[in-house]
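Participant: My structure file upload-v2.txt, compact mmCIF, C-alpha atoms, is below:
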```txt
# COMPACT_ATOMS: atom_id res chain seq x y z
CA MET A 1 0.00 0.00 0.00
CA GLU A 2 1.08 3.55 -0.68
CA LYS A 3 0.31 4.64 2.87
CA GLN A 4 2.73 2.08 4.31
CA ASN A 5 5.62 3.59 2.33
CA SER A 6 4.86 7.27 2.89
CA ARG A 7 6.65 9.60 5.29
CA TYR A 8 3.28 10.86 6.45
CA ARG A 9 2.73 7.63 8.38
CA TRP A 10 5.21 8.93 10.99
CA VAL A 11 3.04 12.03 11.50
CA VAL A 12 0.10 9.70 12.11
CA PHE A 13 2.23 7.63 14.51
CA ALA A 14 3.39 10.65 16.55
CA THR A 15 -0.08 12.20 16.76
CA VAL A 16 -1.80 8.98 17.82
CA LEU A 17 0.86 8.28 20.45
CA PHE A 18 0.57 11.81 21.86
CA ALA A 19 -3.20 11.30 22.25
CA TYR A 20 -2.63 7.94 23.94
CA PHE A 21 -0.04 9.48 26.30
CA LEU A 22 -2.50 12.15 27.49
CA ILE A 23 -5.45 9.78 27.81
CA VAL A 24 -3.52 7.19 29.84
CA SER A 25 -2.53 9.91 32.33
CA GLN A 26 -6.21 10.38 33.16
CA ARG A 27 -6.67 6.72 34.13
CA THR A 28 -4.83 7.19 37.42
CA ALA A 29 -4.65 10.97 37.94
CA PRO A 30 -7.95 11.06 39.94
CA GLY A 31 -6.29 8.76 42.51
CA LEU A 32 -4.08 11.71 43.50
CA ILE A 33 -7.05 13.66 44.85
CA SER A 34 -9.08 10.94 46.61
CA ASP A 35 -8.62 12.57 50.02
CA GLN A 36 -9.57 16.01 48.64
CA LEU A 37 -12.72 14.63 47.01
CA MET A 38 -13.70 13.01 50.31
CA LYS A 39 -13.35 16.39 52.02
CA ASP A 40 -14.94 18.56 49.32
CA PHE A 41 -17.93 16.29 48.65
CA SER A 42 -18.18 14.43 52.00
CA LEU A 43 -17.64 11.06 50.25
CA THR A 44 -16.95 7.74 51.94
CA ALA A 45 -14.02 5.49 51.00
CA SER A 46 -16.42 2.99 49.36
CA THR A 47 -17.86 5.77 47.17
CA ILE A 48 -14.34 6.72 46.07
CA GLY A 49 -13.72 3.05 45.23
CA LEU A 50 -16.91 2.91 43.17
CA LEU A 51 -15.90 6.13 41.40
CA THR A 52 -12.63 4.45 40.38
CA SER A 53 -14.31 1.19 39.35
CA ILE A 54 -16.95 2.78 37.13
CA GLN A 55 -14.28 4.04 34.73
CA PHE A 56 -12.65 0.61 34.35
CA LEU A 57 -16.04 -1.11 34.11
CA ALA A 58 -17.01 1.18 31.23
CA TYR A 59 -13.61 0.55 29.65
CA SER A 60 -13.74 -3.27 29.86
CA GLY A 61 -17.44 -3.51 28.96
CA LEU A 62 -17.03 -1.50 25.75
CA GLN A 63 -13.91 -3.19 24.37
CA VAL A 64 -15.60 -5.82 22.17
CA PRO A 65 -18.43 -3.51 20.92
CA ILE A 66 -15.85 -0.82 20.05
CA GLY A 67 -13.74 -3.44 18.24
CA ILE A 68 -16.75 -4.59 16.17
CA LEU A 69 -17.77 -1.03 15.27
CA SER A 70 -14.21 0.00 14.45
CA ASP A 71 -13.72 -2.97 12.12
CA ARG A 72 -16.99 -2.10 10.41
CA TYR A 73 -16.86 1.71 10.19
CA GLY A 74 -13.14 2.44 10.49
CA PRO A 75 -10.92 3.33 13.46
CA ASN A 76 -10.41 7.04 12.77
CA LEU A 77 -13.89 8.14 13.81
CA PHE A 78 -13.79 6.22 17.08
CA LEU A 79 -10.30 7.41 18.02
CA ILE A 80 -11.37 11.03 17.45
CA VAL A 81 -14.62 10.57 19.40
CA GLY A 82 -12.71 8.77 22.17
CA ALA A 83 -10.30 11.68 22.60
CA LEU A 84 -13.17 14.19 22.62
CA LEU A 85 -15.15 12.13 25.17
CA ASN A 86 -12.06 11.97 27.36
CA GLY A 87 -11.63 15.73 27.11
CA VAL A 88 -15.29 16.52 27.81
CA GLY A 89 -15.38 14.04 30.72
CA THR A 90 -12.24 15.56 32.25
CA LEU A 91 -13.68 19.08 31.85
CA ILE A 92 -16.93 18.06 33.57
CA TYR A 93 -14.89 16.38 36.34
CA SER A 94 -12.98 19.62 36.95
CA VAL A 95 -16.16 21.69 37.50
CA ALA A 96 -18.33 19.00 39.15
CA PRO A 97 -20.62 20.44 41.88
CA ASN A 98 -21.61 17.05 43.40
CA GLU A 99 -20.86 13.33 43.39
CA MET A 100 -23.42 12.46 40.68
CA VAL A 101 -21.61 14.73 38.22
CA LEU A 102 -18.31 13.13 39.24
CA PHE A 103 -19.75 9.70 38.37
CA LEU A 104 -21.02 10.96 35.00
CA ALA A 105 -17.61 12.48 34.24
CA ARG A 106 -15.69 9.29 35.01
CA LEU A 107 -18.19 7.26 32.97
CA LEU A 108 -17.52 9.53 29.96
CA VAL A 109 -13.76 9.26 30.49
CA GLY A 110 -14.02 5.45 30.69
CA ALA A 111 -16.11 5.30 27.50
CA GLY A 112 -13.64 7.56 25.70
CA ASP A 113 -10.67 5.56 26.97
CA ALA A 114 -12.30 2.35 25.70
CA ALA A 115 -12.01 3.64 22.12
CA ILE A 116 -8.29 4.46 22.25
CA TRP A 117 -6.06 1.38 22.35
CA VAL A 118 -8.13 -0.84 20.05
CA ASN A 119 -8.24 1.86 17.38
CA LEU A 120 -4.58 2.73 17.87
CA VAL A 121 -3.77 -0.92 17.05
CA ILE A 122 -5.98 -0.87 13.92
CA ILE A 123 -4.58 2.47 12.70
CA LEU A 124 -0.97 1.34 13.11
CA SER A 125 -1.90 -1.94 11.36
CA LYS A 126 -3.12 0.01 8.33
CA TRP A 127 -0.28 2.53 8.16
CA PHE A 128 2.68 0.21 8.86
CA LYS A 129 3.95 -3.12 7.58
CA VAL A 130 3.86 -6.17 9.86
CA ARG A 131 7.55 -6.10 10.85
CA GLU A 132 7.40 -2.35 11.61
CA PHE A 133 4.16 -2.83 13.52
CA VAL A 134 5.64 -5.22 16.10
CA GLY A 135 8.43 -2.79 17.01
CA LEU A 136 6.17 0.27 17.06
CA LEU A 137 3.79 -1.40 19.49
CA GLY A 138 6.68 -1.29 21.95
CA PHE A 139 6.95 2.48 21.55
CA ALA A 140 3.18 2.76 22.02
CA GLY A 141 3.62 0.95 25.32
CA VAL A 142 6.34 3.44 26.30
CA ALA A 143 3.97 6.34 25.55
CA GLY A 144 1.41 4.77 27.89
CA SER A 145 4.00 4.32 30.63
CA PHE A 146 5.03 7.97 30.35
CA GLY A 147 1.33 8.83 30.63
CA PHE A 148 1.23 6.98 33.94
CA LEU A 149 4.40 8.81 35.02
CA LEU A 150 2.81 12.18 34.18
CA ALA A 151 0.03 11.28 36.62
CA THR A 152 2.48 10.84 39.51
CA VAL A 153 4.99 13.50 40.59
CA PRO A 154 4.39 16.19 37.88
CA PHE A 155 0.59 16.17 38.14
CA SER A 156 0.77 15.89 41.93
CA ALA A 157 3.03 18.97 42.13
CA TRP A 158 0.66 20.90 39.86
CA ILE A 159 -2.29 20.00 42.10
CA ALA A 160 -0.34 21.01 45.23
CA ASN A 161 0.37 24.46 43.72
CA LYS A 162 -2.93 25.25 41.99
CA GLY A 163 -5.55 23.02 43.60
CA TRP A 164 -7.13 20.06 41.80
CA ARG A 165 -9.69 21.77 39.54
CA LEU A 166 -7.36 23.83 37.32
CA PRO A 167 -5.05 20.91 36.33
CA PHE A 168 -8.01 18.74 35.33
CA PHE A 169 -9.70 21.63 33.50
CA THR A 170 -6.51 22.40 31.54
CA THR A 171 -5.98 18.72 30.69
CA GLY A 172 -9.59 18.51 29.46
CA ILE A 173 -9.03 21.48 27.12
CA VAL A 174 -5.82 19.92 25.74
CA LEU A 175 -7.60 16.59 25.15
CA CYS A 176 -10.41 18.31 23.22
CA LEU A 177 -7.81 20.11 21.09
CA CYS A 178 -6.09 16.75 20.59
CA GLY A 179 -9.36 15.34 19.21
CA ILE A 180 -9.47 18.17 16.66
CA LEU A 181 -5.82 17.51 15.75
CA LEU A 182 -6.59 13.81 15.23
CA TYR A 183 -9.43 14.73 12.86
CA TYR A 184 -7.04 16.80 10.73
CA VAL A 185 -4.21 14.22 10.77
CA LEU A 186 -6.34 11.09 10.26
CA GLU A 187 -9.18 12.39 8.07
CA ARG A 188 -8.54 15.70 6.31
CA LYS A 189 -4.89 15.45 5.30
CA PRO A 190 -4.91 11.79 4.11
CA LYS A 191 -7.83 12.54 1.78
CA GLN A 192 -5.62 15.12 0.06
CA LEU A 193 -2.50 12.95 0.01
CA PHE A 194 -4.00 9.53 -0.81
CA GLN A 195 -6.96 10.18 -3.08
CA ASN A 196 -6.41 6.96 -5.05
CA ASP A 197 -6.32 4.85 -1.88
CA SER A 198 -9.57 6.31 -0.59
CA ALA A 199 -11.30 5.69 -3.92
CA ALA A 200 -10.23 2.05 -4.17
CA PRO A 201 -12.55 0.49 -1.58
CA SER A 202 -15.65 1.83 -3.31
CA LYS A 203 -14.92 -0.33 -6.39
CA GLN A 204 -14.94 -3.55 -4.41
CA LYS A 205 -18.00 -3.90 -2.28
CA LYS A 206 -17.97 -7.12 -0.35
CA LYS A 207 -20.76 -8.60 1.68
CA ARG A 208 -20.25 -8.00 5.36
CA GLU A 209 -20.49 -10.94 7.70
CA LYS A 210 -23.09 -10.80 10.43
CA THR A 211 -21.73 -9.68 13.80
CA LEU A 212 -22.88 -12.88 15.53
CA VAL A 213 -21.02 -15.00 12.98
CA ILE A 214 -17.80 -13.04 13.59
CA LEU A 215 -18.20 -13.26 17.38
CA ARG A 216 -18.93 -16.99 17.26
CA ARG A 217 -15.82 -17.60 15.18
CA ILE A 218 -13.60 -15.48 17.44
CA PHE A 219 -14.97 -16.85 20.73
CA SER A 220 -14.24 -20.38 19.51
CA ASN A 221 -10.73 -19.47 18.32
CA ARG A 222 -7.84 -20.75 20.44
CA GLN A 223 -5.56 -17.88 19.43
CA ALA A 224 -8.13 -15.25 20.50
CA TRP A 225 -8.47 -16.89 23.92
CA ALA A 226 -4.67 -17.07 24.20
CA THR A 227 -4.47 -13.28 23.82
CA PHE A 228 -7.34 -12.79 26.31
CA LEU A 229 -5.60 -14.96 28.93
CA CYS A 230 -2.16 -13.39 28.32
CA HIS A 231 -3.55 -9.92 28.94
CA PHE A 232 -5.58 -11.13 31.92
CA GLY A 233 -2.42 -12.44 33.59
CA LEU A 234 -0.03 -9.58 32.87
CA VAL A 235 -2.00 -6.34 32.69
CA GLY A 236 -4.84 -6.67 35.19
CA THR A 237 -2.69 -8.06 38.00
CA TYR A 238 -0.24 -5.17 37.68
CA VAL A 239 -2.74 -2.33 37.12
CA GLY A 240 -5.16 -3.72 39.71
CA PHE A 241 -2.47 -4.03 42.39
CA ILE A 242 -0.62 -0.74 41.90
CA GLY A 243 -3.93 1.10 41.57
CA SER A 244 -5.28 -0.16 44.89
CA TRP A 245 -3.01 -2.03 47.31
CA ALA A 246 0.63 -1.29 46.40
CA VAL A 247 0.92 1.90 48.47
CA PRO A 248 -1.01 0.53 51.51
CA TYR A 249 1.17 -2.62 51.31
CA GLY A 250 4.38 -0.59 51.56
CA MET A 251 2.97 1.50 54.42
CA HIS A 252 1.46 -1.34 56.49
CA VAL A 253 4.03 -4.11 55.98
CA TYR A 254 7.28 -2.13 55.66
CA GLY A 255 6.32 0.97 57.68
CA MET A 256 7.06 3.28 54.73
CA THR A 257 5.70 6.78 54.35
CA ARG A 258 3.12 7.32 51.60
CA SER A 259 5.80 9.05 49.51
CA ASP A 260 8.29 6.19 49.91
CA ALA A 261 5.64 3.58 49.09
CA SER A 262 4.77 5.54 45.93
CA GLN A 263 8.36 5.08 44.79
CA LEU A 264 7.59 1.36 44.32
CA ILE A 265 5.00 2.32 41.72
CA MET A 266 7.61 4.51 40.01
CA VAL A 267 9.97 1.50 39.87
CA GLY A 268 7.22 -0.53 38.19
CA LEU A 269 6.61 2.23 35.67
CA PHE A 270 10.30 2.35 34.74
CA GLY A 271 10.13 -1.41 34.22
CA ALA A 272 7.17 -0.90 31.88
CA ILE A 273 9.07 1.77 29.92
CA ILE A 274 11.91 -0.70 29.37
CA GLY A 275 9.69 -3.73 28.80
CA ALA A 276 7.66 -2.51 25.84
CA PRO A 277 10.43 -1.64 23.34
CA LEU A 278 12.99 -4.18 24.55
CA THR A 279 10.67 -7.19 24.35
CA SER A 280 9.35 -6.05 20.96
CA TRP A 281 12.95 -5.74 19.71
CA ILE A 282 13.86 -9.19 21.03
CA SER A 283 10.73 -10.62 19.41
CA SER A 284 11.69 -9.07 16.06
CA ARG A 285 15.28 -10.34 16.31
CA LEU A 286 14.16 -13.88 17.13
CA ASP A 287 11.32 -13.68 14.59
CA SER A 288 9.15 -15.17 17.32
CA ILE A 289 6.53 -13.83 19.70
CA LYS A 290 5.76 -16.94 21.71
CA ARG A 291 9.24 -17.67 23.09
CA PRO A 292 10.08 -14.24 24.55
CA TYR A 293 6.48 -13.76 25.70
CA LEU A 294 6.48 -17.10 27.57
CA ILE A 295 9.71 -16.13 29.33
CA VAL A 296 8.13 -12.82 30.41
CA HIS A 297 5.10 -14.68 31.81
CA LEU A 298 7.38 -17.06 33.72
CA PHE A 299 9.36 -14.20 35.28
CA VAL A 300 6.17 -12.42 36.32
CA PHE A 301 4.76 -15.62 37.81
CA PHE A 302 7.94 -16.21 39.87
CA SER A 303 7.86 -12.56 41.00
CA TRP A 304 4.36 -12.90 42.43
CA ILE A 305 5.06 -16.28 44.04
CA THR A 306 8.11 -14.79 45.80
CA PHE A 307 5.68 -12.92 48.08
CA LEU A 308 4.31 -16.29 49.24
CA PHE A 309 7.77 -17.78 49.84
CA PHE A 310 8.67 -14.87 52.13
CA SER A 311 5.32 -14.86 53.99
CA GLY A 312 4.23 -11.60 52.36
CA LYS A 313 7.41 -9.65 53.25
CA PRO A 314 10.46 -10.28 51.01
CA PRO A 315 13.68 -8.31 51.68
CA TYR A 316 13.44 -4.72 50.44
CA PHE A 317 16.07 -5.09 47.68
CA MET A 318 14.09 -8.07 46.36
CA LEU A 319 10.85 -6.07 46.57
CA VAL A 320 12.32 -3.44 44.24
CA ILE A 321 13.35 -6.14 41.75
CA ILE A 322 9.87 -7.70 41.92
CA PHE A 323 8.16 -4.39 41.12
CA LEU A 324 10.61 -3.80 38.27
CA ILE A 325 9.83 -7.23 36.76
CA MET A 326 6.06 -6.81 37.18
CA GLY A 327 6.27 -3.44 35.44
CA TYR A 328 8.42 -4.96 32.70
CA GLY A 329 5.72 -7.60 32.17
CA ASN A 330 3.06 -4.93 31.84
CA GLY A 331 5.13 -3.17 29.17
CA ALA A 332 5.82 -6.46 27.37
CA SER A 333 2.07 -7.09 27.14
CA ALA A 334 2.15 -5.08 23.90
CA LEU A 335 3.13 -8.42 22.31
CA THR A 336 -0.48 -9.54 22.83
CA PHE A 337 -1.48 -7.22 19.99
CA ALA A 338 1.44 -8.32 17.84
CA VAL A 339 -0.08 -11.82 18.09
CA VAL A 340 -3.47 -10.39 17.07
CA ARG A 341 -2.00 -8.51 14.09
CA LYS A 342 -0.14 -11.55 12.79
CA SER A 343 -2.89 -14.10 13.42
CA PHE A 344 -6.11 -12.49 12.23
CA ASP A 345 -7.49 -10.88 9.10
CA MET A 346 -7.37 -7.08 9.10
CA LYS A 347 -11.19 -7.04 9.23
CA GLU A 348 -11.04 -8.78 12.62
CA VAL A 349 -8.07 -7.04 14.24
CA GLY A 350 -10.32 -4.53 16.04
CA VAL A 351 -12.72 -6.98 17.63
CA VAL A 352 -9.97 -9.43 18.65
CA SER A 353 -7.89 -6.57 20.11
CA GLY A 354 -10.96 -5.50 22.07
CA PHE A 355 -11.50 -9.06 23.29
CA ALA A 356 -7.85 -9.33 24.42
CA ASN A 357 -7.98 -5.96 26.14
CA THR A 358 -11.15 -7.00 27.98
CA GLY A 359 -9.11 -9.76 29.62
CA GLY A 360 -6.59 -7.27 30.97
CA PHE A 361 -9.10 -4.89 32.45
CA LEU A 362 -11.39 -7.64 33.72
CA SER A 363 -8.60 -8.78 36.03
CA ALA A 364 -7.94 -5.11 36.92
CA VAL A 365 -11.53 -4.88 38.14
CA LEU A 366 -11.51 -8.26 39.94
CA LEU A 367 -8.14 -8.18 41.72
CA PRO A 368 -8.60 -5.12 43.99
CA SER A 369 -11.95 -6.27 45.37
CA ILE A 370 -10.94 -9.94 45.89
CA PHE A 371 -7.64 -8.85 47.46
CA GLY A 372 -9.58 -6.48 49.73
CA LYS A 373 -11.91 -9.30 50.84
CA VAL A 374 -8.88 -11.37 51.86
CA LEU A 375 -7.42 -8.46 53.83
CA ASP A 376 -10.75 -7.91 55.60
CA HIS A 377 -10.85 -11.61 56.56
CA PHE A 378 -7.44 -11.33 58.26
CA HIS A 379 -7.93 -7.83 59.67
CA THR A 380 -7.22 -8.97 63.27
CA ALA A 381 -3.89 -10.59 62.30
CA PRO A 382 -0.62 -8.71 61.60
CA SER A 383 -0.66 -6.87 58.27
CA SER A 384 1.82 -9.21 56.59
CA VAL A 385 -0.51 -12.19 57.19
CA GLY A 386 -3.40 -10.63 55.26
CA TYR A 387 -1.14 -9.62 52.41
CA ARG A 388 0.54 -13.03 52.34
CA TYR A 389 -2.78 -14.74 51.63
CA GLY A 390 -3.89 -11.88 49.40
CA PHE A 391 -0.94 -12.53 47.09
CA ILE A 392 -2.43 -15.93 46.24
CA ILE A 393 -4.83 -14.00 43.96
CA PRO A 394 -2.20 -12.44 41.61
CA VAL A 395 -0.28 -15.75 41.62
CA LEU A 396 -3.40 -17.51 40.29
CA PHE A 397 -3.97 -14.70 37.77
CA ALA A 398 -0.33 -15.02 36.63
CA VAL A 399 -0.86 -18.78 36.08
CA ILE A 400 -3.82 -17.93 33.82
CA GLY A 401 -1.53 -15.58 31.84
CA LEU A 402 1.08 -18.33 31.55
CA ILE A 403 -1.54 -20.71 30.16
CA GLY A 404 -2.38 -18.04 27.57
CA GLY A 405 1.27 -17.84 26.54
CA ILE A 406 1.41 -21.63 26.13
CA LEU A 407 -1.75 -21.57 23.97
CA ILE A 408 -0.26 -19.13 21.42
CA LYS A 409 0.17 -20.88 18.06
CA GLU A 410 3.40 -19.64 16.50
CA GLN A 411 2.94 -21.69 13.33
CA LEU A 412 -0.20 -19.75 12.44
CA GLN A 413 1.68 -16.49 12.71
CA GLU A 414 4.55 -17.70 10.55
CA SER A 415 2.30 -18.98 7.76
CA LYS A 416 0.29 -15.77 7.89
CA GLN A 417 3.45 -13.70 7.54
CA ALA A 418 4.67 -15.84 4.65
CA SER A 419 1.41 -15.35 2.77
CA GLU A 420 1.68 -11.56 3.25
CA VAL A 421 5.21 -11.59 1.85
CA ARG A 422 4.03 -13.49 -1.25
CA VAL A 423 1.25 -10.96 -1.82
```
Here is the file; what I need is its structure written in the form of structure tokens.

Facilitator:
Amino acid sequence: MEKQNSRYRWVVFATVLFAYFLIVSQRTAPGLISDQLMKDFSLTASTIGLLTSIQFLAYSGLQVPIGILSDRYGPNLFLIVGALLNGVGTLIYSVAPNEMVLFLARLLVGAGDAAIWVNLVIILSKWFKVREFVGLLGFAGVAGSFGFLLATVPFSAWIANKGWRLPFFTTGIVLCLCGILLYYVLERKPKQLFQNDSAAPSKQKKKREKTLVILRRIFSNRQAWATFLCHFGLVGTYVGFIGSWAVPYGMHVYGMTRSDASQLIMVGLFGAIIGAPLTSWISSRLDSIKRPYLIVHLFVFFSWITFLFFSGKPPYFMLVIIFLIMGYGNGASALTFAVVRKSFDMKEVGVVSGFANTGGFLSAVLLPSIFGKVLDHFHTAPSSVGYRYGFIIPVLFAVIGLIGGILIKEQLQESKQASEVRV
């Protein structure tokens, strides 16, 4: 395709990654102001927890529908709408007068966020060749990790200086402007540059398969379930733990200050920044996804099980290494979508990516609440006891991810790639 050889594809790449970077920052930024929201709106801790969950529930629940619609109507529209929804939701959040408006705002942000990653994968699939795509997914993962970093010290300092409303209001404005930029870069400019490409599809009108037929085929596909399980084991365990219990764990078990415990999350984020490009590079060099991905799953599994071996309190130097490896695994999870790209027809990349991503955020919703139930059960025992048994949950989740890695069929990917080369 002409698009895949043009210099303009790098403009598309940079713009899409910038949007993803900003949007990811708003997944965790509200966690910085939980105590202020409780004061300003007289909210309970359970209400704050529900406010956090509603965003991820919207995200996970919309993944497959967004994938179906994106495959059918194109990813550009949904990426643009997703960025605008994120911006509008963040703006409403910044001026919310009561808790009901806060809930509406986070619901909009979750719905907008649901449209981002799936469509990013489809857009990169269309603008870049397969070998380029695998490496660039790593850089997309880095952009997401930097988004998480933005929502730690920099955003926290901004809130401390200006209060919480102005930073969220400003971010909302920037996200809305980003949506307008995406419209220009993805829709307006390509129509001028690639007129022949845009005219081509109209000559060949193919019958579209029914949605139920597509879903039945995908839900009975071993490779689709492999990607679902891989993401379930790597992404949800990490995001669910650092977003809920990582800081309390450091404070209760190691006696850290809140600031020191937050440094563990920073270590994990640095691991994620390394993990995405490095694992993608290794995968490209080996011309294999399954082997390096299985090794990542094994390392993450052994990291979680280390907590059990040390009764919930490993030595501090080991704790830092564990967080680094878990973060690395989260970054390496970009390989899930390399499997999708190499294994499925372009018409199905969106829905399968959505299905895989649902796995990751399903475990992110499940882990905090199950972990919390375990801690409540052992609330009369020393803190390390509750956490020791709580860590059984991410160990089991990591086993599920490992099973997903084993289920990946490398042969299918190789034959698929060979057929693309012949074409």

Participant: For the point (-10.5, 4.6, 24.5) in file coordinates, what residues are within 10 Å, counting only C-alpha atoms? Give the answer as a ChimeraX atom specification?

Facilitator: /A:20,23-24,58-59,62-63,66,78-83,85-86,109-120

Participant: Rank nothing, just name the residue among A:Ile321, A:Ala364, A:Ile393, A:Ala29 nearest to A:Trp158, using all atoms listed in the file.

Facilitator: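 Distance minimum relative to A:Trp158 lands on A:Ala29.
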
Participant: Taking into account all atoms listed in the file, which residue in the set A:Ile305, A:Cys230, A:Leu362, A:Arg388 is nearest to A:Ser53?

Facilitator: A:Leu362

Participant: What does the structure give for the distance between atom CA of A:Arg222 and atom CA of A:Phe355, in Å to one decimal?

Facilitator: 12.6 Å

Participant: Rounded to one decimal, what separation in Å do you get between atom CA of A:Pro97 and atom CA of A:Ser42?

Facilitator: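 Interatomic distance here is 12.0 Å.
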
Participant: Atom CA of A:Ile274 and atom CA of A:Phe309, how far apart in Å?

Facilitator: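 Those two atoms sit 27.0 Å apart.
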
Participant: Would you please work out which residue, of A:Asn221, A:Ser156, A:Thr279, A:Asn98, is nearest to A:Leu335 when using all atoms listed in the file?

Facilitator: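 Once distances to A:Leu335 are computed over all atoms listed in the file, the minimum belongs to A:Thr279.
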